[in-house]
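Engineer: Please find run-v4.txt (compact mmCIF, C-alpha atoms) on the next line:
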```
# COMPACT_ATOMS: atom_id res chain seq x y z
CA MET A 133 124.95 43.41 55.62
CA LYS A 134 122.45 42.16 53.00
CA LYS A 135 119.54 43.26 55.21
CA ILE A 136 121.10 46.72 55.63
CA ALA A 137 121.68 47.07 51.89
CA HIS A 138 118.08 45.98 51.20
CA SER A 139 116.72 48.55 53.65
CA MET A 140 118.84 51.28 52.07
CA THR A 141 117.53 50.34 48.61
CA ILE A 142 113.90 50.54 49.73
CA GLY A 143 114.63 53.83 51.47
CA CYS A 144 116.02 55.25 48.24
CA ILE A 145 112.92 54.15 46.35
CA VAL A 146 110.64 55.79 48.90
CA LEU A 147 112.64 59.03 48.83
CA GLY A 148 112.69 59.02 45.05
CA LEU A 149 108.92 58.63 44.95
CA CYS A 150 108.06 61.05 47.75
CA SER A 151 106.42 63.80 45.70
CA CYS A 152 103.15 63.19 43.91
CA ALA A 153 100.35 64.77 41.93
CA SER A 154 96.79 63.64 42.45
CA ILE A 155 93.75 63.45 40.21
CA ASN A 156 90.34 63.17 41.78
CA SER A 157 87.95 60.41 40.71
CA THR A 158 85.33 57.84 41.68
CA MET A 159 84.95 54.17 42.28
CA PRO A 160 83.46 51.45 44.50
CA THR A 161 85.27 50.65 47.70
CA ALA A 162 87.11 47.40 48.30
CA SER A 163 89.90 45.88 50.27
CA SER A 164 93.06 44.01 49.45
CA PRO A 165 96.69 44.24 50.57
CA SER A 166 98.27 46.86 48.34
CA ALA A 167 99.14 50.55 48.29
CA SER A 168 95.44 51.48 47.99
CA SER A 169 94.06 53.32 51.01
CA ILE A 170 91.13 55.45 52.15
CA ASN A 171 91.50 59.19 52.76
CA SER A 172 89.45 61.42 55.04
CA SER A 173 86.80 61.95 52.34
CA ASN A 174 86.18 58.19 52.10
CA GLN A 175 87.76 58.21 48.65
CA LYS A 176 89.68 55.14 47.67
CA ILE A 177 93.25 56.03 46.64
CA ILE A 178 95.10 54.27 43.83
CA LYS A 179 98.81 55.02 43.64
CA ILE A 180 100.57 54.90 40.28
CA GLY A 181 104.18 55.44 39.26
CA GLY A 182 106.31 54.77 36.23
CA SER A 183 108.80 56.07 33.74
CA SER A 184 108.10 59.46 32.17
CA SER A 185 107.20 57.73 28.91
CA THR A 186 104.40 55.74 30.57
CA VAL A 187 102.93 58.33 32.92
CA THR A 188 101.55 60.44 30.05
CA VAL A 189 99.22 57.69 28.85
CA LEU A 190 98.23 56.60 32.37
CA LYS A 191 97.27 60.17 33.30
CA LEU A 192 94.99 60.38 30.27
CA LEU A 193 93.20 57.20 31.32
CA ALA A 194 93.06 58.27 34.97
CA GLN A 195 91.43 61.60 34.12
CA ALA A 196 88.75 59.89 32.04
CA TYR A 197 88.13 57.27 34.71
CA GLN A 198 87.88 59.75 37.57
CA ALA A 199 85.40 61.82 35.62
CA GLN A 200 83.05 58.83 35.91
CA ASN A 201 83.96 57.74 39.45
CA ASN A 202 83.81 60.34 42.20
CA ASN A 203 84.86 58.01 45.01
CA ILE A 204 88.32 57.34 43.59
CA LYS A 205 91.43 59.46 43.89
CA ILE A 206 94.37 58.47 41.70
CA GLU A 207 97.74 59.72 42.87
CA PHE A 208 100.76 59.82 40.59
CA ILE A 209 104.03 59.43 42.43
CA SER A 210 106.90 61.41 40.89
CA ASN A 211 108.37 59.90 37.74
CA THR A 212 111.18 57.39 37.99
CA GLN A 213 112.62 54.74 35.70
CA SER A 214 110.63 51.60 34.99
CA GLU A 215 112.86 49.55 37.29
CA GLY A 216 112.23 51.88 40.24
CA ALA A 217 108.47 51.81 39.73
CA ILE A 218 108.43 48.01 39.59
CA ALA A 219 110.49 47.82 42.78
CA ALA A 220 108.04 50.20 44.49
CA LEU A 221 105.12 48.04 43.33
CA LYS A 222 106.71 44.91 44.80
CA ASN A 223 107.13 46.72 48.10
CA ASN A 224 103.46 47.88 48.15
CA ILE A 225 104.33 51.54 47.66
CA LEU A 226 102.39 51.53 44.37
CA ASP A 227 99.28 49.79 43.07
CA ILE A 228 100.23 50.12 39.39
CA ALA A 229 103.66 50.58 37.83
CA GLY A 230 104.02 51.80 34.26
CA SER A 231 106.92 50.27 32.35
CA SER A 232 108.55 50.70 28.95
CA HIS A 233 109.78 47.11 29.01
CA LYS A 234 108.33 43.69 29.73
CA LEU A 235 108.73 42.31 33.21
CA LYS A 236 112.21 40.81 33.45
CA PRO A 237 112.72 37.45 35.23
CA GLU A 238 114.85 39.12 37.90
CA GLU A 239 112.09 41.70 38.53
CA ASN A 240 109.34 39.11 38.95
CA ASN A 241 108.79 37.95 42.53
CA GLY A 242 105.83 35.81 41.49
CA GLN A 243 103.36 38.27 42.99
CA ILE A 244 103.01 40.76 40.14
CA GLN A 245 102.02 40.59 36.48
CA TYR A 246 102.64 42.59 33.29
CA ARG A 247 100.43 43.40 30.33
CA GLU A 248 101.22 45.49 27.29
CA LEU A 249 98.96 48.51 26.96
CA ALA A 250 99.97 50.51 23.88
CA LYS A 251 102.65 51.43 21.38
CA ASP A 252 104.10 54.93 21.26
CA LEU A 253 105.99 56.16 18.21
CA LEU A 254 109.17 58.12 18.79
CA LEU A 255 109.88 61.09 16.59
CA VAL A 256 112.91 63.25 15.99
CA ALA A 257 112.02 66.93 16.13
CA THR A 258 113.64 70.34 16.18
CA ASN A 259 112.86 73.64 17.79
CA ASN A 260 110.55 75.64 15.51
CA SER A 261 113.37 78.11 14.85
CA VAL A 262 114.94 75.54 12.51
CA LYS A 263 113.82 76.29 8.95
CA GLY A 264 114.58 74.49 5.71
CA VAL A 265 115.20 71.06 7.29
CA THR A 266 112.31 68.62 7.11
CA ASN A 267 114.02 65.27 6.53
CA LEU A 268 117.19 63.55 7.71
CA SER A 269 118.85 60.41 6.41
CA THR A 270 120.31 57.87 8.80
CA LYS A 271 123.79 59.07 7.82
CA GLN A 272 122.90 62.69 8.58
CA LEU A 273 121.29 61.87 11.93
CA LYS A 274 124.35 59.86 12.97
CA ALA A 275 126.60 62.76 11.96
CA ILE A 276 124.54 65.20 14.04
CA TYR A 277 124.75 63.07 17.18
CA GLN A 278 128.51 62.66 16.66
CA SER A 279 129.04 66.40 15.96
CA GLU A 280 130.37 65.64 12.48
CA ILE A 281 127.55 67.87 11.25
CA ALA A 282 127.42 70.79 13.67
CA ASN A 283 125.65 73.55 11.74
CA TRP A 284 122.14 73.55 10.25
CA GLN A 285 123.54 75.27 7.15
CA GLU A 286 125.16 71.95 6.17
CA LEU A 287 121.66 70.48 5.87
CA GLY A 288 119.98 73.33 4.02
CA GLY A 289 119.07 75.39 7.07
CA ALA A 290 120.30 78.69 8.48
CA ASN A 291 123.85 79.37 9.64
CA ALA A 292 123.36 78.23 13.26
CA ASN A 293 125.04 75.69 15.50
CA ILE A 294 123.07 72.50 16.15
CA ILE A 295 122.27 71.81 19.80
CA VAL A 296 121.75 68.09 20.42
CA LEU A 297 119.49 67.17 23.32
CA ASP A 298 120.09 63.57 24.32
CA ARG A 299 118.89 60.92 26.81
CA PRO A 300 120.91 58.54 29.01
CA GLU A 301 122.00 55.32 27.35
CA ASP A 302 119.71 53.15 29.51
CA GLU A 303 116.55 55.04 28.53
CA SER A 304 114.11 53.56 26.00
CA ALA A 305 114.30 56.54 23.62
CA LYS A 306 118.08 56.35 23.31
CA LYS A 307 118.03 52.57 22.90
CA LEU A 308 115.57 52.89 20.02
CA LEU A 309 117.56 55.67 18.38
CA ARG A 310 120.60 53.42 18.48
CA LYS A 311 118.71 50.38 17.21
CA TYR A 312 117.23 52.05 14.15
CA TYR A 313 119.50 54.99 13.31
CA LEU A 314 122.57 55.74 15.43
CA GLY A 315 124.16 52.32 15.78
CA ALA A 316 126.85 51.76 18.40
CA GLU A 317 128.98 54.83 17.59
CA LYS A 318 129.64 57.07 20.55
CA THR A 319 127.52 60.22 20.93
CA SER A 320 129.38 63.53 21.02
CA THR A 321 130.32 64.85 24.45
CA LYS A 322 128.81 68.16 23.32
CA ALA A 323 125.31 66.68 23.47
CA ILE A 324 123.20 67.82 26.43
CA VAL A 325 121.96 64.75 28.31
CA LEU A 326 118.59 65.15 30.04
CA ASN A 327 117.41 62.47 32.47
CA LYS A 328 113.67 62.79 31.87
CA GLU A 329 111.73 63.04 28.64
CA GLY A 330 109.70 65.96 29.98
CA GLN A 331 112.92 67.89 30.56
CA LEU A 332 114.06 67.20 27.01
CA ILE A 333 110.72 68.33 25.54
CA GLU A 334 110.68 71.55 27.57
CA THR A 335 114.30 72.31 26.74
CA LEU A 336 113.75 71.66 23.03
CA GLN A 337 110.80 74.05 22.92
CA ASN A 338 112.81 76.77 24.69
CA THR A 339 116.16 76.31 22.94
CA PRO A 340 116.59 77.65 19.38
CA ASN A 341 118.35 75.32 16.92
CA SER A 342 117.97 72.25 19.14
CA ILE A 343 117.09 68.68 18.13
CA GLY A 344 115.93 65.67 20.13
CA ALA A 345 113.80 62.51 20.14
CA PHE A 346 110.62 61.94 22.16
CA SER A 347 107.04 60.67 22.13
CA LEU A 348 104.84 61.36 19.12
CA ALA A 349 101.74 60.94 21.29
CA TYR A 350 102.99 63.58 23.74
CA SER A 351 103.49 65.94 20.81
CA VAL A 352 99.93 65.26 19.59
CA ILE A 353 98.29 65.55 23.02
CA ASN A 354 99.99 68.84 23.84
CA GLN A 355 100.00 70.20 20.27
CA LEU A 356 103.67 71.04 20.61
CA PRO A 357 104.94 73.79 18.29
CA VAL A 358 107.95 71.80 17.07
CA ASN A 359 109.14 70.60 13.68
CA ARG A 360 108.56 66.85 13.32
CA LEU A 361 111.19 65.45 10.99
CA SER A 362 110.84 62.67 8.45
CA LEU A 363 113.61 60.08 8.61
CA ASN A 364 114.84 58.63 5.33
CA GLY A 365 111.80 60.24 3.70
CA VAL A 366 109.28 58.59 6.04
CA GLU A 367 107.06 60.67 8.31
CA PRO A 368 106.50 59.52 11.92
CA THR A 369 102.83 58.62 11.60
CA ILE A 370 100.68 55.75 12.85
CA GLU A 371 99.80 54.89 9.24
CA ASN A 372 103.48 54.57 8.32
CA PHE A 373 104.09 52.40 11.37
CA ARG A 374 101.23 50.07 10.49
CA SER A 375 102.50 49.74 6.94
CA GLY A 376 105.98 48.86 8.22
CA LYS A 377 107.66 52.00 6.85
CA TYR A 378 108.35 53.62 10.23
CA GLN A 379 109.66 51.31 12.93
CA MET A 380 110.87 53.43 15.86
CA VAL A 381 108.25 52.63 18.48
CA ARG A 382 108.35 51.76 22.16
CA TYR A 383 105.99 49.49 24.03
CA ILE A 384 104.12 50.77 27.06
CA GLY A 385 102.81 48.35 29.63
CA ILE A 386 101.61 48.20 33.21
CA ASN A 387 102.44 45.96 36.14
CA TRP A 388 100.18 45.22 39.08
CA HIS A 389 99.68 42.74 41.91
CA LYS A 390 98.12 39.41 40.99
CA LYS A 391 95.59 40.01 43.78
CA PRO A 392 94.85 43.75 43.51
CA SER A 393 92.28 45.67 45.51
CA ALA A 394 88.85 45.92 43.87
CA PRO A 395 89.31 49.63 43.02
CA THR A 396 92.65 48.90 41.37
CA GLN A 397 91.20 45.97 39.41
CA ASN A 398 88.24 48.08 38.26
CA PHE A 399 90.58 50.78 36.99
CA ILE A 400 92.68 48.17 35.18
CA ASN A 401 89.50 46.82 33.57
CA PHE A 402 88.78 50.35 32.33
CA ILE A 403 92.32 50.75 31.00
CA PHE A 404 91.90 47.72 28.74
CA SER A 405 88.28 48.39 27.81
CA GLU A 406 86.96 49.62 24.46
CA GLU A 407 86.58 53.08 25.97
CA GLY A 408 90.21 52.97 27.08
CA ASN A 409 91.28 51.99 23.56
CA LYS A 410 89.38 54.93 22.08
CA ILE A 411 91.17 57.32 24.45
CA LEU A 412 94.53 55.91 23.38
CA GLN A 413 93.74 56.16 19.66
CA LYS A 414 92.43 59.71 20.00
CA ASN A 415 95.69 60.82 21.57
CA GLY A 416 98.19 59.29 19.17
CA PHE A 417 98.85 55.94 20.86
CA ILE A 418 98.35 52.56 19.24
CA PRO A 419 96.31 50.26 21.54
CA ASN A 420 97.68 46.77 21.96
```
Represent the structure of the file as structure tokens.

Structural biologist:
Amino acid sequence: MKKIAHSMTIGCIVLGLCSCASINSTMPTASSPSASSINSSNQKIIKIGGSSSTVTVLKLLAQAYQAQNNNIKIEFISNTQSEGAIAALKNNILDIAGSSHKLKPEENNGQIQYRELAKDLLLVATNNSVKGVTNLSTKQLKAIYQSEIANWQELGGANANIIVLDRPEDESAKKLLRKYYLGAEKTSTKAIVLNKEGQLIETLQNTPNSIGAFSLAYSVINQLPVNRLSLNGVEPTIENFRSGKYQMVRYIGINWHKKPSAPTQNFINFIFSEEGNKILQKNGFIPN
């Protein structure tokens, strides 16, 4: 029965990661037991997966790397949670797994390793239809997520119902919101829960009077037309994080095999290089 359950688990991972987007690139060939392979154009393929919060930064680095290396093709398997990506890495479905948490003891089979890559500030933002509200106190933010404050007029805005866009409880964004602002109080059942950060961002942009929390770097990279809110009078900026005034930040890291293929290792070297750090800084991330 254990073998059957294990096979079903791996099958679910494969099905969950079946769709992918590729980015063309270059790099020297090499061999090593991992997900890396060679396609018909003699390009080496590096397969990457991860949570939605980690894929954004890895795609930036992949695009820059491939621009310099024409013999490498980096494929991004469809987004999953960090745990699913790590499981796929251990089963040689991926070469690199992005993660918003450090490798847990139960996830470590002794064959993979973790390294922190960058910090990503989380912001609370509203749809650009919300006017007159630029700052929220912890008390006000709690009240919004509990539907005790349900109209923007109560906060100095227009007479319009507040639409709360939320994330599942096991996602990094919701955990951080709870840690720094919401506490353990239950979120209103009226909140709309979206499984992926990309879904929340798209919904927030398209839904008047909505509010939600997501990546500052994503907002910077894509120049999102949203209202970034200050919390307790503190703006969500890198400067305020470095000074200790703004603390809501998540840690982005990558996992890979201890004996990766040469193409995978070369890409990892680029990720942690000075050039990689400059790419991160330019796009709103804080290099480790």

Engineer: Could you tell me which of A:Ile209, A:Ile384, A:Leu249, A:Ile218 comes closest to Asn401 of chain A if we count all atoms listed in the file?

Structural biologist: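 Smallest distance to Asn401 of chain A is found for A:Leu249.
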
Engineer: Could you check which of A:Glu215, A:Asp227, A:Glu207, A:Asp252 is closest to His389 of chain A, using all atoms listed in the file?

Structural biologist: A:Asp227

Engineer: Using all atoms listed in the file, which residues sit within 8 Å of segment 284-295 of chain A once same-chain residues fewer than 4 positions away are excluded, as a count of residues only?

Structural biologist: 10

Engineer: From the options A:Thr266, A:Gln175, A:Asn364, A:Asn354, which residue's atoms come nearest to Ile204 of chain A, counting only C-alpha atoms?

Structural biologist: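 Ranking A:Thr266, A:Gln175, A:Asn364, A:Asn354 by distance to Ile204 of chain A, first place goes to A:Gln175.
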
Engineer: Distance atom CA of Gln397 of chain A-atom CA of Lys251 of chain A, one decimal place?

Structural biologist: 22.0 Å
